[in-house]
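J.: My structure is stored as model_24.cif, with mmCIF, C-alpha atoms and all ligand atoms.
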data_structure
#
loop_
_atom_site.label_atom_id
_atom_site.label_comp_id
_atom_site.auth_asym_id
_atom_site.auth_seq_id
_atom_site.Cartn_x
_atom_site.Cartn_y
_atom_site.Cartn_z
CA MET A 12 -13.14 28.70 -2.51
CA ARG A 13 -12.32 31.69 -0.29
CA SER A 14 -9.19 33.67 -1.01
CA ALA A 15 -6.38 32.66 1.36
CA LYS A 16 -6.19 36.24 2.65
CA ASP A 17 -9.86 36.15 3.70
CA PHE A 18 -9.72 32.71 5.29
CA PHE A 19 -9.30 34.03 8.83
CA ALA A 20 -11.79 36.88 8.57
CA PRO A 21 -14.98 36.49 10.66
CA LEU A 22 -17.98 35.45 8.54
CA ALA A 23 -20.38 37.84 10.28
CA VAL A 24 -20.06 41.34 11.68
CA GLY A 25 -19.53 41.01 15.43
CA ALA A 26 -18.44 37.36 15.37
CA PRO A 27 -15.10 36.46 17.01
CA ALA A 28 -12.08 36.03 14.71
CA PRO A 29 -11.46 32.39 13.73
CA ALA A 30 -8.71 30.57 15.64
CA ARG A 31 -5.32 30.52 13.90
CA GLU A 32 -4.49 27.15 15.45
CA VAL A 33 -6.70 24.32 16.60
CA PRO A 34 -6.58 24.19 20.42
CA ALA A 35 -4.55 21.05 21.18
CA ARG A 36 -6.36 20.08 24.37
CA PRO A 37 -6.32 16.43 25.51
CA SER A 38 -9.25 14.70 23.82
CA ARG A 39 -8.53 11.02 24.35
CA MET A 40 -12.19 10.20 24.71
CA ILE A 41 -15.31 12.00 23.53
CA HIS A 42 -17.81 10.71 26.06
CA PHE A 43 -21.40 10.62 24.74
CA PHE A 44 -24.39 11.26 26.98
CA ASP A 45 -28.05 11.76 26.18
CA PRO A 46 -29.13 15.00 27.92
CA SER A 47 -32.78 13.84 27.84
CA ASN A 48 -31.92 10.76 29.92
CA PRO A 49 -32.13 11.84 33.59
CA LYS A 50 -29.83 9.06 34.81
CA MET A 51 -27.09 9.97 32.35
CA ALA A 52 -27.56 13.70 32.85
CA ALA A 53 -27.19 13.25 36.61
CA LYS A 54 -23.78 11.64 36.10
CA VAL A 55 -22.32 14.55 34.11
CA PRO A 56 -21.02 16.64 37.08
CA ASP A 57 -19.11 13.61 38.40
CA MET A 58 -17.51 13.03 34.99
CA VAL A 59 -15.94 16.48 34.89
CA GLY A 60 -12.19 15.97 35.30
CA VAL A 61 -12.61 12.27 34.47
CA ALA A 62 -13.45 12.53 30.75
CA ASP A 63 -11.45 14.83 28.49
CA VAL A 64 -14.57 15.66 26.46
CA LEU A 65 -18.22 15.39 27.49
CA LEU A 66 -20.57 15.48 24.51
CA GLY A 67 -24.30 16.12 24.77
CA ASN A 68 -25.72 14.06 21.93
CA LEU A 69 -28.82 15.36 20.16
CA GLU A 70 -28.69 13.17 17.03
CA ASP A 71 -29.05 9.40 16.50
CA ALA A 72 -29.71 7.40 19.70
CA VAL A 73 -32.06 10.20 20.83
CA VAL A 74 -35.59 9.36 19.67
CA ALA A 75 -37.62 11.95 17.73
CA ASP A 76 -39.99 12.84 20.58
CA LYS A 77 -37.02 13.48 22.92
CA LYS A 78 -35.15 15.85 20.59
CA GLU A 79 -36.39 19.00 22.29
CA ALA A 80 -35.91 17.59 25.77
CA ALA A 81 -32.33 16.68 24.86
CA ARG A 82 -31.65 20.20 23.56
CA GLU A 83 -33.16 21.86 26.63
CA GLY A 84 -31.44 19.35 28.91
CA LEU A 85 -28.07 20.25 27.41
CA VAL A 86 -28.70 23.97 27.87
CA GLN A 87 -29.50 23.33 31.54
CA ILE A 88 -26.45 21.13 32.09
CA ALA A 89 -24.16 23.69 30.44
CA LYS A 90 -25.55 26.45 32.63
CA ASP A 91 -25.41 24.44 35.87
CA VAL A 92 -22.11 22.58 35.57
CA ASP A 93 -18.62 24.06 35.86
CA PHE A 94 -16.54 22.06 33.37
CA GLY A 95 -13.27 23.35 34.81
CA GLU A 96 -10.03 23.68 32.91
CA HIS A 97 -9.56 20.09 31.84
CA THR A 98 -12.91 18.93 30.47
CA GLN A 99 -14.41 20.27 27.27
CA LEU A 100 -18.11 20.47 26.46
CA TRP A 101 -19.10 19.42 22.96
CA THR A 102 -22.42 18.67 21.31
CA ARG A 103 -23.48 16.56 18.35
CA VAL A 104 -26.33 18.37 16.60
CA ASN A 105 -28.86 16.73 14.31
CA ALA A 106 -28.08 16.22 10.62
CA LEU A 107 -28.21 19.24 8.33
CA ASP A 108 -31.25 17.87 6.44
CA SER A 109 -33.22 17.18 9.64
CA PRO A 110 -36.08 19.30 11.01
CA TRP A 111 -34.16 19.92 14.27
CA VAL A 112 -30.73 21.23 13.39
CA LEU A 113 -31.61 24.90 12.89
CA ASP A 114 -33.18 25.07 16.36
CA ASP A 115 -30.29 23.04 17.81
CA LEU A 116 -27.71 25.54 16.59
CA THR A 117 -29.79 28.65 17.27
CA THR A 118 -30.62 27.62 20.82
CA LEU A 119 -27.23 26.27 21.81
CA VAL A 120 -25.05 29.03 20.37
CA THR A 121 -27.15 31.91 21.63
CA GLN A 122 -27.76 30.40 25.10
CA ILE A 123 -24.59 28.48 25.94
CA GLY A 124 -22.20 29.48 23.13
CA ASP A 125 -19.49 30.58 25.56
CA LYS A 126 -19.47 27.15 27.20
CA LEU A 127 -19.44 25.08 24.00
CA ASP A 128 -16.02 24.16 22.69
CA VAL A 129 -16.96 22.13 19.63
CA VAL A 130 -20.05 21.36 17.55
CA MET A 131 -19.94 17.94 15.96
CA VAL A 132 -21.79 17.79 12.65
CA PRO A 133 -22.99 14.35 11.51
CA LYS A 134 -23.17 12.94 7.96
CA VAL A 135 -21.03 15.66 6.41
CA GLN A 136 -21.05 15.16 2.65
CA GLY A 137 -18.63 17.80 1.45
CA PRO A 138 -17.07 21.21 2.16
CA GLU A 139 -20.39 22.91 1.32
CA ASP A 140 -21.86 21.49 4.53
CA ILE A 141 -19.03 22.99 6.57
CA HIS A 142 -19.39 26.34 4.77
CA TYR A 143 -23.08 26.42 5.72
CA VAL A 144 -22.38 25.68 9.39
CA ASP A 145 -19.43 28.08 9.40
CA ARG A 146 -21.52 31.08 8.31
CA LEU A 147 -24.48 30.18 10.50
CA LEU A 148 -22.25 29.80 13.58
CA ALA A 149 -20.68 33.20 12.88
CA GLN A 150 -24.13 34.84 12.65
CA LEU A 151 -25.26 33.16 15.86
CA GLU A 152 -22.02 33.96 17.71
CA ALA A 153 -22.54 37.61 16.78
CA LYS A 154 -26.17 37.48 17.90
CA GLY A 155 -25.32 35.77 21.19
CA GLY A 156 -22.23 37.87 21.92
CA VAL A 157 -20.01 34.77 21.98
CA GLN A 158 -16.41 35.80 22.64
CA ARG A 159 -14.36 32.91 21.22
CA PRO A 160 -15.03 30.93 18.06
CA ILE A 161 -16.82 27.60 18.40
CA MET A 162 -14.94 24.86 16.58
CA VAL A 163 -16.47 22.29 14.21
CA HIS A 164 -15.93 18.53 14.09
CA ALA A 165 -17.20 16.49 11.14
CA ILE A 166 -18.29 12.86 11.21
CA LEU A 167 -17.26 10.81 8.21
CA GLU A 168 -20.23 8.57 7.63
CA THR A 169 -21.13 8.63 3.94
CA ALA A 170 -19.29 7.49 0.83
CA ARG A 171 -19.48 11.03 -0.55
CA GLY A 172 -18.06 12.46 2.67
CA MET A 173 -15.26 9.92 2.43
CA ALA A 174 -14.52 10.89 -1.18
CA ASN A 175 -14.42 14.56 -0.10
CA VAL A 176 -12.52 14.09 3.16
CA GLU A 177 -9.56 16.29 2.22
CA ALA A 178 -11.83 19.18 1.17
CA ILE A 179 -13.89 18.79 4.37
CA ALA A 180 -10.76 18.89 6.54
CA GLY A 181 -9.64 22.15 4.91
CA ALA A 182 -13.05 23.81 4.52
CA SER A 183 -12.80 26.30 7.40
CA PRO A 184 -10.45 27.50 10.13
CA ARG A 185 -13.18 26.26 12.48
CA MET A 186 -12.37 22.64 11.62
CA GLN A 187 -11.13 20.95 14.80
CA GLY A 188 -11.18 17.33 13.66
CA ILE A 189 -12.94 14.42 12.04
CA SER A 190 -14.32 11.17 13.48
CA LEU A 191 -15.07 7.93 11.72
CA GLY A 192 -18.79 7.05 11.85
CA PRO A 193 -18.53 3.34 11.05
CA ALA A 194 -22.21 2.39 11.36
CA ASP A 195 -23.70 4.96 9.00
CA LEU A 196 -20.70 4.68 6.70
CA ALA A 197 -21.17 0.91 6.46
CA ALA A 198 -24.87 1.37 5.60
CA ASP A 199 -24.16 4.09 3.03
CA ARG A 200 -21.46 2.00 1.38
CA ARG A 201 -23.77 -1.03 1.40
CA MET A 202 -21.23 -3.01 3.38
CA LYS A 203 -22.72 -6.26 4.71
CA THR A 204 -21.91 -5.73 8.38
CA THR A 205 -24.55 -5.22 11.06
CA ARG A 206 -22.40 -3.68 13.83
CA VAL A 207 -21.28 -0.33 15.23
CA GLY A 208 -17.54 -0.36 14.43
CA GLY A 209 -15.01 -3.06 15.21
CA GLY A 210 -14.01 -6.06 13.13
CA HIS A 211 -15.92 -8.89 11.48
CA PRO A 212 -15.01 -12.59 11.56
CA GLY A 213 -15.83 -12.96 7.87
CA TYR A 214 -13.27 -10.35 6.77
CA LEU A 215 -10.12 -12.43 6.80
CA VAL A 216 -7.10 -13.81 5.03
CA ARG A 217 -6.47 -17.58 5.13
CA GLN A 218 -3.08 -19.22 5.20
CA ASP A 219 -2.10 -21.08 2.00
CA PRO A 220 -2.85 -24.83 2.04
CA SER A 221 0.03 -27.11 2.95
CA LYS A 222 0.90 -29.99 0.65
CA GLY A 223 -0.75 -33.39 1.22
CA ALA A 224 0.98 -36.79 1.05
CA ASP A 225 0.68 -36.82 -2.76
CA GLY A 226 2.37 -33.39 -3.04
CA THR A 227 -0.82 -31.57 -4.09
CA PRO A 228 -2.39 -28.74 -1.99
CA ASP A 229 -4.47 -30.06 0.90
CA TYR A 230 -7.41 -27.64 0.69
CA GLN A 231 -9.27 -29.35 3.56
CA GLY A 232 -6.29 -29.31 5.97
CA GLN A 233 -5.85 -27.11 9.03
CA ARG A 234 -5.18 -23.47 8.01
CA THR A 235 -4.80 -20.44 10.21
CA VAL A 236 -7.04 -17.48 9.45
CA PHE A 237 -6.15 -13.89 10.24
CA GLN A 238 -9.00 -11.47 10.80
CA GLN A 239 -8.39 -8.19 8.95
CA ASP A 240 -9.23 -4.63 9.88
CA LEU A 241 -12.31 -3.42 7.97
CA TRP A 242 -11.48 0.21 8.78
CA HIS A 243 -7.84 0.46 7.86
CA TYR A 244 -8.24 2.28 4.55
CA THR A 245 -10.82 4.68 5.93
CA ILE A 246 -8.88 5.60 9.07
CA ALA A 247 -5.59 5.95 7.22
CA ARG A 248 -7.13 8.26 4.62
CA MET A 249 -8.87 10.31 7.33
CA VAL A 250 -5.58 10.64 9.24
CA ASP A 251 -3.80 11.92 6.14
CA ALA A 252 -6.55 14.46 5.41
CA CYS A 253 -6.43 15.72 9.00
CA ALA A 254 -2.64 15.85 9.19
CA MET A 255 -2.52 17.73 5.89
CA HIS A 256 -4.78 20.43 7.33
CA GLY A 257 -3.46 20.51 10.91
CA ILE A 258 -6.63 19.14 12.52
CA PHE A 259 -7.23 16.03 14.67
CA PRO A 260 -8.46 12.57 13.59
CA PHE A 261 -10.54 10.36 15.90
CA TYR A 262 -11.78 6.79 15.76
CA GLY A 263 -15.54 6.85 16.46
CA PRO A 264 -17.73 4.43 18.45
CA PHE A 265 -17.20 0.78 19.38
CA GLY A 266 -20.67 -0.64 19.91
CA ASP A 267 -19.86 -3.95 21.61
CA ILE A 268 -19.73 -2.45 25.09
CA LYS A 269 -19.07 -5.80 26.83
CA ASP A 270 -16.11 -6.65 24.58
CA VAL A 271 -13.61 -4.40 26.31
CA VAL A 272 -10.70 -6.39 24.88
CA ALA A 273 -11.59 -5.86 21.21
CA CYS A 274 -12.51 -2.25 21.97
CA GLU A 275 -9.00 -1.69 23.31
CA ASP A 276 -7.53 -3.30 20.17
CA GLN A 277 -9.62 -1.12 17.86
CA PHE A 278 -8.71 2.02 19.79
CA ARG A 279 -5.01 1.08 19.77
CA ASN A 280 -4.99 0.50 16.00
CA ALA A 281 -6.39 4.00 15.61
CA PHE A 282 -3.84 5.45 18.08
CA LEU A 283 -0.94 3.84 16.24
CA LEU A 284 -2.23 5.11 12.90
CA GLY A 285 -2.35 8.71 14.19
CA CYS A 286 -5.74 9.26 15.86
CA VAL A 287 -5.78 11.33 19.05
CA GLY A 288 -8.88 9.78 20.62
CA ALA A 289 -12.07 7.74 20.26
CA TRP A 290 -15.66 7.93 21.44
CA SER A 291 -16.83 6.38 24.67
CA LEU A 292 -20.48 5.37 24.67
CA HIS A 293 -20.49 3.85 28.14
CA PRO A 294 -18.48 4.79 31.25
CA VAL A 295 -16.47 1.55 30.93
CA GLN A 296 -14.91 2.83 27.69
CA ILE A 297 -13.49 6.00 29.28
CA ASP A 298 -10.65 4.17 31.00
CA ILE A 299 -9.92 2.13 27.88
CA ALA A 300 -9.46 5.30 25.84
CA LYS A 301 -7.42 6.93 28.60
CA LYS A 302 -5.07 3.95 28.68
CA VAL A 303 -4.73 3.58 24.92
CA PHE A 304 -4.43 7.22 23.88
CA SER A 305 -1.80 8.07 26.53
CA PRO A 306 1.68 6.90 25.46
CA SER A 307 3.09 4.11 27.62
CA ALA A 308 5.90 4.80 30.11
CA GLU A 309 8.16 2.56 27.97
CA ASP A 310 7.47 4.59 24.82
CA VAL A 311 8.19 7.82 26.69
CA ALA A 312 11.44 6.43 28.14
CA HIS A 313 12.58 5.24 24.71
CA ALA A 314 11.65 8.57 23.08
CA ARG A 315 13.71 10.42 25.70
CA GLU A 316 16.68 8.13 25.12
CA VAL A 317 16.60 8.85 21.38
CA ARG A 318 16.17 12.59 21.94
CA ASP A 319 19.05 12.71 24.39
CA ALA A 320 21.31 10.70 22.08
CA MET A 321 20.73 13.23 19.29
CA PRO A 322 20.79 16.65 20.97
CA SER A 323 20.94 18.43 17.60
CA GLY A 324 18.00 16.38 16.28
CA GLY A 325 20.08 14.88 13.48
CA GLY A 326 22.71 12.33 12.51
CA ALA A 327 22.54 8.58 12.98
CA VAL A 328 23.14 6.61 16.20
CA MET A 329 22.76 3.01 17.33
CA ILE A 330 20.54 2.35 20.35
CA ASP A 331 19.95 -1.28 21.42
CA GLY A 332 21.00 -2.51 18.00
CA LYS A 333 18.68 -0.18 16.08
CA MET A 334 19.58 2.77 13.87
CA GLU A 335 17.97 6.03 14.94
CA ASP A 336 18.08 9.14 12.77
CA ASP A 337 16.25 12.40 12.07
CA ALA A 338 13.02 10.61 11.16
CA SER A 339 12.84 8.37 14.22
CA TYR A 340 13.82 11.44 16.30
CA LYS A 341 10.72 13.22 14.91
CA GLN A 342 8.50 10.27 15.81
CA CYS A 343 9.93 10.34 19.31
CA MET A 344 9.16 14.06 19.55
CA VAL A 345 5.50 13.30 18.68
CA ILE A 346 5.38 10.96 21.69
CA LEU A 347 7.15 13.42 24.00
CA GLU A 348 4.97 16.37 23.00
CA LEU A 349 1.84 14.29 23.60
CA ALA A 350 3.17 13.07 26.95
CA GLU A 351 3.92 16.64 27.97
CA ARG A 352 0.47 17.89 26.97
CA LEU A 353 -1.27 15.07 28.84
CA SER A 354 0.94 15.49 31.92
CA ALA A 355 -0.13 19.13 32.22
CA ASN A 356 -3.70 17.88 32.85
CA ASP A 357 -3.09 14.65 34.69
CA PRO A 358 -0.81 14.46 37.76
CA GLU A 359 -0.84 10.63 37.72
CA LEU A 360 0.49 10.54 34.17
CA ALA A 361 2.97 13.29 34.99
CA LYS A 362 4.35 11.10 37.80
CA LEU A 363 4.41 7.98 35.60
CA TYR A 364 6.33 9.78 32.85
CA ALA A 365 8.68 11.50 35.30
CA GLU A 366 9.66 8.12 36.71
CA ALA A 367 9.88 6.40 33.27
C1 LIG B 401 -25.29 1.56 25.33
C2 LIG B 401 -26.26 2.01 26.39
C3 LIG B 401 -27.69 1.99 25.83
C4 LIG B 401 -26.15 1.05 27.57
O1 LIG B 401 -26.93 1.58 28.63
P1 LIG B 401 -27.38 0.69 29.85
O2 LIG B 401 -28.18 1.53 30.78
O3 LIG B 401 -28.02 -0.57 29.32
O4 LIG B 401 -25.97 0.29 30.47
P2 LIG B 401 -25.64 -0.09 31.98
O5 LIG B 401 -24.33 -0.81 31.94
O6 LIG B 401 -26.77 -0.81 32.60
O7 LIG B 401 -25.44 1.31 32.67
C5 LIG B 401 -24.87 1.42 33.94
C6 LIG B 401 -25.04 2.82 34.45
O8 LIG B 401 -24.29 3.71 33.66
C7 LIG B 401 -25.15 4.70 33.11
N1 LIG B 401 -24.68 5.01 31.76
C8 LIG B 401 -24.73 4.22 30.68
N2 LIG B 401 -24.21 4.84 29.63
C9 LIG B 401 -23.83 6.08 30.06
C10 LIG B 401 -23.22 7.17 29.41
N3 LIG B 401 -22.94 7.15 28.09
N4 LIG B 401 -22.93 8.26 30.14
C11 LIG B 401 -23.23 8.32 31.47
N5 LIG B 401 -23.83 7.29 32.12
C12 LIG B 401 -24.11 6.18 31.42
C13 LIG B 401 -26.53 4.11 33.11
O9 LIG B 401 -27.51 5.13 33.10
C14 LIG B 401 -26.50 3.31 34.37
O10 LIG B 401 -26.73 4.19 35.47
P3 LIG B 401 -27.29 3.67 36.90
O11 LIG B 401 -26.19 2.86 37.49
O12 LIG B 401 -27.55 4.94 37.65
O13 LIG B 401 -28.52 2.87 36.59
C15 LIG B 401 -25.90 3.42 26.92
O14 LIG B 401 -24.60 3.35 27.44
C16 LIG B 401 -25.98 4.52 25.90
O15 LIG B 401 -27.06 4.90 25.48
N6 LIG B 401 -24.83 5.08 25.48
C17 LIG B 401 -24.78 6.16 24.52
C18 LIG B 401 -25.21 5.68 23.16
C19 LIG B 401 -24.96 6.73 22.11
O16 LIG B 401 -24.71 7.89 22.38
N7 LIG B 401 -25.03 6.35 20.82
C20 LIG B 401 -24.77 7.27 19.73
C21 LIG B 401 -23.32 7.36 19.39
S1 LIG B 401 -22.77 6.04 18.32
C22 LIG B 401 -23.31 6.59 16.80
O17 LIG B 401 -24.02 7.55 16.71
C23 LIG B 401 -22.87 5.86 15.57
C24 LIG B 401 -22.36 6.78 14.48
C25 LIG B 401 -21.04 7.41 14.76
O18 LIG B 401 -23.26 7.83 14.20
C26 LIG B 401 -22.17 5.94 13.23
O19 LIG B 401 -21.27 5.10 13.26
O20 LIG B 401 -22.91 6.16 12.28
MG MG B 402 -24.18 7.90 12.51
#
As structure tokens, please, write out the structure in this file.

T.:
Amino acid sequence: MRSAKDFFAPLAVGAPAPAREVPARPSRMIHFFDPSNPKMAAKVPDMVGVADVLLGNLEDAVVADKKEAAREGLVQIAKDVDFGEHTQLWTRVNALDSPWVLDDLTTLVTQIGDKLDVVMVPKVQGPEDIHYVDRLLAQLEAKGGVQRPIMVHAILETARGMANVEAIAGASPRMQGISLGPADLAADRRMKTTRVGGGHPGYLVRQDPSKGADGTPDYQGQRTVFQQDLWHYTIARMVDACAMHGIFPFYGPFGDIKDVVACEDQFRNAFLLGCVGAWSLHPVQIDIAKKVFSPSAEDVAHAREVRDAMPSGGGAVMIDGKMEDDASYKQCMVILELAERLSANDPELAKLYAEA
């Protein structure tokens, strides 16, 4: 472990100093595109200002013989497109044990390092993986003359990564956040699902049997079942690890593109538990994430009411029959700070919240 006093020192001569605070830019959706797919690549300029984050994916979902085309395609897109003030450019590089990752990082950081906000690293197993990327990025930033530090985002998609999530979150001042990778994580844990995120009808709790005419339990009678959330433990633990280290947690992908209703539910569960965003794999999921990860006008109005009723931030008051105190005040401030940050980027939301 590095000494606390060295934690914010650059890891290579000539590299920019690490950020003291994670930039809190709106990141409600991390929109994935394959830079080797001409149709998707052509849509990128029109998605600037629409998606909070555009991510050029180089890893899974890009076949082996397209890896180089994807890397080169991303370099071209980064050079050609002006991402403006409100849209970030991220990439997901190949896994650290793959034959491509060294060239991914070397090419991207030295050629488009000043345009890249965040590098997403898949299948992170422990803090040692972050330390490796941290030093390599510093060397490449120095080589490429990159002026501001590139941040790192880890995907939680192995049991070992899960067991080490707190150490991963605190491994470097470059850590921006962590996403859940439900498909690889399910495979690594030997879960018996065959999906990319979301629920499963077999993971449920069944209502107790009612009593039959003879007073004994009627096991064959009608009983309601309640589908449970497969990802609750994982997301909650990830949120705690991120909050503890002042970085941002994200739900990952929802693979059933046509099921926009369940996607919204999954995203909202993550939002309520503390996540700041989710991935969008298809344009249809951008609006879902935008809706879910922006507080509602009602929540903002209620938060303001509580804040205004407790100008000193303390005490206890009754509002609509409910006790509000310091702790509910703090929750309301979380909503108001988020609303303020989003409003700065989005005039429609600013208007909605102003009128709430
Ligand atoms: C699902 C797919 C195959 C359906 O693609 P499609 O072409 O069949 O869909 P469509 O509805 O017919 O598409 C309509 C139009 O939208 C375009 N389009 C479609 N998608 C996008 C997009 N993302 N960005 C920009 N444009 C897009 C598409 O090209 C088409 O354009 P057109 O009207 O000109 O013909 C396609 O959307 C896609 O490939 N999405 C990205 C998939 C991806 O990145 N997967 C990896 C992340 S998930 C993951 O890695 C797991 C994880 C974390 O690692 C772990 O849990 O372990
Ligand atoms: Mg994966």

J.: Could you report the residues within 10 Å of ligand LIG 401 (chain B), using all atoms listed in the file, as a ChimeraX atom specification?

T.: /A:42-46,48-55,57-58,65-73,103,133-134,166-169,190-199,206-208,262-269,290-297

J.: Deliver the residues from the most recent selection as a file, using C-alpha atoms, as a PDB file, keeping the file's coordinate frame.

T.:
ATOM      1  CA  HIS A  42     -17.810  10.710  26.060  1.00  0.00           C
ATOM      2  CA  PHE A  43     -21.400  10.620  24.740  1.00  0.00           C
ATOM      3  CA  PHE A  44     -24.390  11.260  26.980  1.00  0.00           C
ATOM      4  CA  ASP A  45     -28.050  11.760  26.180  1.00  0.00           C
ATOM      5  CA  PRO A  46     -29.130  15.000  27.920  1.00  0.00           C
ATOM      6  CA  ASN A  48     -31.920  10.760  29.920  1.00  0.00           C
ATOM      7  CA  PRO A  49     -32.130  11.840  33.590  1.00  0.00           C
ATOM      8  CA  LYS A  50     -29.830   9.060  34.810  1.00  0.00           C
ATOM      9  CA  MET A  51     -27.090   9.970  32.350  1.00  0.00           C
ATOM     10  CA  ALA A  52     -27.560  13.700  32.850  1.00  0.00           C
ATOM     11  CA  ALA A  53     -27.190  13.250  36.610  1.00  0.00           C
ATOM     12  CA  LYS A  54     -23.780  11.640  36.100  1.00  0.00           C
ATOM     13  CA  VAL A  55     -22.320  14.550  34.110  1.00  0.00           C
ATOM     14  CA  ASP A  57     -19.110  13.610  38.400  1.00  0.00           C
ATOM     15  CA  MET A  58     -17.510  13.030  34.990  1.00  0.00           C
ATOM     16  CA  LEU A  65     -18.220  15.390  27.490  1.00  0.00           C
ATOM     17  CA  LEU A  66     -20.570  15.480  24.510  1.00  0.00           C
ATOM     18  CA  GLY A  67     -24.300  16.120  24.770  1.00  0.00           C
ATOM     19  CA  ASN A  68     -25.720  14.060  21.930  1.00  0.00           C
ATOM     20  CA  LEU A  69     -28.820  15.360  20.160  1.00  0.00           C
ATOM     21  CA  GLU A  70     -28.690  13.170  17.030  1.00  0.00           C
ATOM     22  CA  ASP A  71     -29.050   9.400  16.500  1.00  0.00           C
ATOM     23  CA  ALA A  72     -29.710   7.400  19.700  1.00  0.00           C
ATOM     24  CA  VAL A  73     -32.060  10.200  20.830  1.00  0.00           C
ATOM     25  CA  ARG A 103     -23.480  16.560  18.350  1.00  0.00           C
ATOM     26  CA  PRO A 133     -22.990  14.350  11.510  1.00  0.00           C
ATOM     27  CA  LYS A 134     -23.170  12.940   7.960  1.00  0.00           C
ATOM     28  CA  ILE A 166     -18.290  12.860  11.210  1.00  0.00           C
ATOM     29  CA  LEU A 167     -17.260  10.810   8.210  1.00  0.00           C
ATOM     30  CA  GLU A 168     -20.230   8.570   7.630  1.00  0.00           C
ATOM     31  CA  THR A 169     -21.130   8.630   3.940  1.00  0.00           C
ATOM     32  CA  SER A 190     -14.320  11.170  13.480  1.00  0.00           C
ATOM     33  CA  LEU A 191     -15.070   7.930  11.720  1.00  0.00           C
ATOM     34  CA  GLY A 192     -18.790   7.050  11.850  1.00  0.00           C
ATOM     35  CA  PRO A 193     -18.530   3.340  11.050  1.00  0.00           C
ATOM     36  CA  ALA A 194     -22.210   2.390  11.360  1.00  0.00           C
ATOM     37  CA  ASP A 195     -23.700   4.960   9.000  1.00  0.00           C
ATOM     38  CA  LEU A 196     -20.700   4.680   6.700  1.00  0.00           C
ATOM     39  CA  ALA A 197     -21.170   0.910   6.460  1.00  0.00           C
ATOM     40  CA  ALA A 198     -24.870   1.370   5.600  1.00  0.00           C
ATOM     41  CA  ASP A 199     -24.160   4.090   3.030  1.00  0.00           C
ATOM     42  CA  ARG A 206     -22.400  -3.680  13.830  1.00  0.00           C
ATOM     43  CA  VAL A 207     -21.280  -0.330  15.230  1.00  0.00           C
ATOM     44  CA  GLY A 208     -17.540  -0.360  14.430  1.00  0.00           C
ATOM     45  CA  TYR A 262     -11.780   6.790  15.760  1.00  0.00           C
ATOM     46  CA  GLY A 263     -15.540   6.850  16.460  1.00  0.00           C
ATOM     47  CA  PRO A 264     -17.730   4.430  18.450  1.00  0.00           C
ATOM     48  CA  PHE A 265     -17.200   0.780  19.380  1.00  0.00           C
ATOM     49  CA  GLY A 266     -20.670  -0.640  19.910  1.00  0.00           C
ATOM     50  CA  ASP A 267     -19.860  -3.950  21.610  1.00  0.00           C
ATOM     51  CA  ILE A 268     -19.730  -2.450  25.090  1.00  0.00           C
ATOM     52  CA  LYS A 269     -19.070  -5.800  26.830  1.00  0.00           C
ATOM     53  CA  TRP A 290     -15.660   7.930  21.440  1.00  0.00           C
ATOM     54  CA  SER A 291     -16.830   6.380  24.670  1.00  0.00           C
ATOM     55  CA  LEU A 292     -20.480   5.370  24.670  1.00  0.00           C
ATOM     56  CA  HIS A 293     -20.490   3.850  28.140  1.00  0.00           C
ATOM     57  CA  PRO A 294     -18.480   4.790  31.250  1.00  0.00           C
ATOM     58  CA  VAL A 295     -16.470   1.550  30.930  1.00  0.00           C
ATOM     59  CA  GLN A 296     -14.910   2.830  27.690  1.00  0.00           C
ATOM     60  CA  ILE A 297     -13.490   6.000  29.280  1.00  0.00           C
TER      61      ILE A 297
END

J.: Distance cut-off 10 Å, centre (-5.6, 3.9, 29.6) in file coordinates, counting all atoms listed in the file: which residues qualify? Return them as JSON, numbers by chain.

T.: {"A": [39, 275, 296, 297, 298, 299, 300, 301, 302, 303, 304, 305, 306, 307]}

J.: Store the residues picked out above in a file with C-alpha atoms, as a compact mmCIF listing (two decimals), in the coordinates of the input.

T.:
# COMPACT_ATOMS: atom_id res chain seq x y z
CA ARG A 39 -8.53 11.02 24.35
CA GLU A 275 -9.00 -1.69 23.31
CA GLN A 296 -14.91 2.83 27.69
CA ILE A 297 -13.49 6.00 29.28
CA ASP A 298 -10.65 4.17 31.00
CA ILE A 299 -9.92 2.13 27.88
CA ALA A 300 -9.46 5.30 25.84
CA LYS A 301 -7.42 6.93 28.60
CA LYS A 302 -5.07 3.95 28.68
CA VAL A 303 -4.73 3.58 24.92
CA PHE A 304 -4.43 7.22 23.88
CA SER A 305 -1.80 8.07 26.53
CA PRO A 306 1.68 6.90 25.46
CA SER A 307 3.09 4.11 27.62

J.: Which residues of segment 112-166 of chain A come within 10 Å of segment 97-101 of chain A, and for each one, what is the closest pair of atoms and their distance in Å to one decimal, counting all atoms listed in the file, sorted by chain and residue number, as a Markdown table?

T.:
| residue | atom | partner | partner_atom | distance |
| --- | --- | --- | --- | --- |
| A:Lys126 | CA | A:Leu100 | CA | 6.9 |
| A:Leu127 | CA | A:Leu100 | CA | 5.4 |
| A:Asp128 | CA | A:Trp101 | CA | 5.7 |
| A:Val129 | CA | A:Trp101 | CA | 4.8 |
| A:Val130 | CA | A:Trp101 | CA | 5.8 |
| A:Met131 | CA | A:Trp101 | CA | 7.2 |
| A:Ile161 | CA | A:Trp101 | CA | 9.6 |
| A:Met162 | CA | A:Trp101 | CA | 9.4 |
| A:Val163 | CA | A:Trp101 | CA | 9.6 |
| A:His164 | CA | A:Trp101 | CA | 9.5 |

J.: Using only C-alpha atoms, please write the residues we just selected to a file, as a short mmCIF file (atom, residue, chain, number, x, y, z; two decimals), in the coordinates of the input.

T.:
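Final output, saved to selection_31.cif:
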data_model
loop_
_atom_site.label_atom_id
_atom_site.label_comp_id
_atom_site.auth_asym_id
_atom_site.auth_seq_id
_atom_site.Cartn_x
_atom_site.Cartn_y
_atom_site.Cartn_z
CA LYS A 126 -19.47 27.15 27.20
CA LEU A 127 -19.44 25.08 24.00
CA ASP A 128 -16.02 24.16 22.69
CA VAL A 129 -16.96 22.13 19.63
CA VAL A 130 -20.05 21.36 17.55
CA MET A 131 -19.94 17.94 15.96
CA ILE A 161 -16.82 27.60 18.40
CA MET A 162 -14.94 24.86 16.58
CA VAL A 163 -16.47 22.29 14.21
CA HIS A 164 -15.93 18.53 14.09
#
